[in-house]
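Written out below as structure tokens is the structure these notes cover.
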Amino acid sequence: MSKPKVIVTRKWPAEVEAQLKALYDVQLNESDIPMTADELKKALLTADALLSTVTDSITADILNVEGKRAKIIGNFGVGYNNIDINTAKAQGLLVTNTPHVLTDCTADIAMLLLLMSARRAAEGERLIRHQQWTGWKPTQLIGQKVTGKTLGLIGFGRIAQAMAKKAHHGFGMKILFYAPSQPPQNIIDDLQATRCETIEELLSEANFVSLHCPGGEATRHLINEQRLKLMRPSAHLINTARGDVVDSKALIKALKEGWIAGAGLDVFEGEPNIDPGFLALDNIALLPHLGSATEETRIAMGNRVLANIAAFFTGEEPEDRVV
């Protein structure tokens, strides 16, 4: 009996690729160059499973290609707004993601950005790299204390809760959150967290605001000019969720004009293309989408995809099915 044909859109950790080679008739992306729309269409026509990543835009046009062989898309990432889910469902395509395994590492990056922004770490490193540091002085790069301050989380899923735990128990931070649904009371009690009734309430009270909501049309530009103006002049905005949750032009204006003190971004609208306005700012920390980028987490994500497609090919329900 022939092995199922699997096409992987990007380079994955070597350990995971070795398992794919052993289990499937697999086509790997050795060059790691993103696949074009035509290549993605061809993959759907020729493979039993397409293993995509969160940066592959799998549109309705791609999914509607006639004569598809693929029956499952195993997405490498917890988010799946890169896939037109409604079209996938209409086409009878099963889609899975990789939740749970990247929680702590993404929360670590959110805390890293919070600390970098508050303590002006990116500015300090540039000063040294450009050989402009002339020695310690009492007024140089004065930032803001983190310990004991108020952290507001927009979205309160696993990653937000993990960040809140690090912030509250590690830095003594007061936790505010806004979420559509009420989390379990034991989690709230452990964090001594307070639920805000509106995003506006949270923005006006928090010293640091961290975004943890899904991407997509419902949350596009959730943080806009009007809402940025509600934040404190000493506040910092952290985004490790999705780039389009923040209106980039509005954030650049807010940082230029001092509506807020700083920001830390790991995700961007239209990435890898970054608005050049960000690059001209000093009061921002920028990372290239490193949220889950640890050896342990990326291998675990790949293994999660493997488990999902293995279940599918043996007639079982994949654990991480989203549609």
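For the structure tokens, the naming scheme is as follows: chains receive sequential letters (A, B, ...) according to their order of presentation, residues are indexed from 1 within each chain, and ligands are indexed from 1 in presentation order.
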
task: Run DSSP on the backbone and give me the residues of stretch 219-322 of chain A it puts in strand (DSSP E), as a PyMOL selection string.
output: chain A and resi 236-239+262-265+284-286

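Nearest-residue note for A:Pro272: choosing from A:Gly152, A:Pro13, A:Gly79, A:Pro34, the minimum distance belongs to A:Pro34, counting only C-alpha atoms.
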
task: Taking the DSSP assignment computed from this structure's backbone, write out as a PyMOL selection string all residues of stretch 7-149 of chain A that belong to alpha helix (DSSP H).
output: chain A and resi 14-23+37-46+60-63+85-90+103-118+121-129

field: A:Cys213 surroundings by only C-alpha atoms, 12 Å radius, close-in-sequence under 6 positions cut, as a ChimeraX atom specification
entry: /A:78-79,81,153-160,177-180,199,219-223,239-246

With a cut-off of 8 Å, could you pull out the residues of stretch 296-318 of chain A touching stretch 99-111 of chain A and give me the nearest pair of atoms for each, distance in Å to one decimal, using only C-alpha atoms, ordered by chain and ascending number, as JSON lines?
```
{"residue": "A:Thr297", "atom": "CA", "partner": "A:Leu102", "partner_atom": "CA", "distance": 5.7}
{"residue": "A:Arg298", "atom": "CA", "partner": "A:Leu102", "partner_atom": "CA", "distance": 8.0}
{"residue": "A:Ala300", "atom": "CA", "partner": "A:Val101", "partner_atom": "CA", "distance": 6.3}
{"residue": "A:Met301", "atom": "CA", "partner": "A:Val101", "partner_atom": "CA", "distance": 6.4}
```

With N, CA and C atoms retained, could you export that selection as a tab-separated table (two decimals), in the first residue's frame?
```tsv
chain	number	residue	atom	x	y	z
A	297	THR	N	9.58	24.22	21.27
A	297	THR	CA	8.22	24.54	20.83
A	297	THR	C	8.01	24.24	19.36
A	298	ARG	N	8.97	24.59	18.52
A	298	ARG	CA	8.78	24.34	17.08
A	298	ARG	C	8.73	22.83	16.78
A	300	ALA	N	7.59	20.61	18.95
A	300	ALA	CA	6.29	20.21	19.48
A	300	ALA	C	5.16	20.59	18.53
A	301	MET	N	5.28	21.75	17.88
A	301	MET	CA	4.27	22.16	16.90
A	301	MET	C	4.24	21.19	15.72
```

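Atom CA of A:Gly315 lies 24.4 Å from atom CA of A:Asp84.
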
message: Between atom CA of A:Met116 and atom CA of A:Gly270, what distance in Å does the model show, to one decimal?
response: 23.5 Å

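By chain and then residue number, the residues within 12 Å of A:Glu319 are A:Gly74, A:Leu94, A:Val95, A:Thr96, A:Asn97, A:Thr98, A:Pro99, A:His100, A:Arg304, A:Val305, A:Leu306, A:Ala307, A:Asn308, A:Ile309, A:Ala310, A:Ala311, A:Phe312, counting only C-alpha atoms and disregarding those fewer than 6 positions away in sequence.
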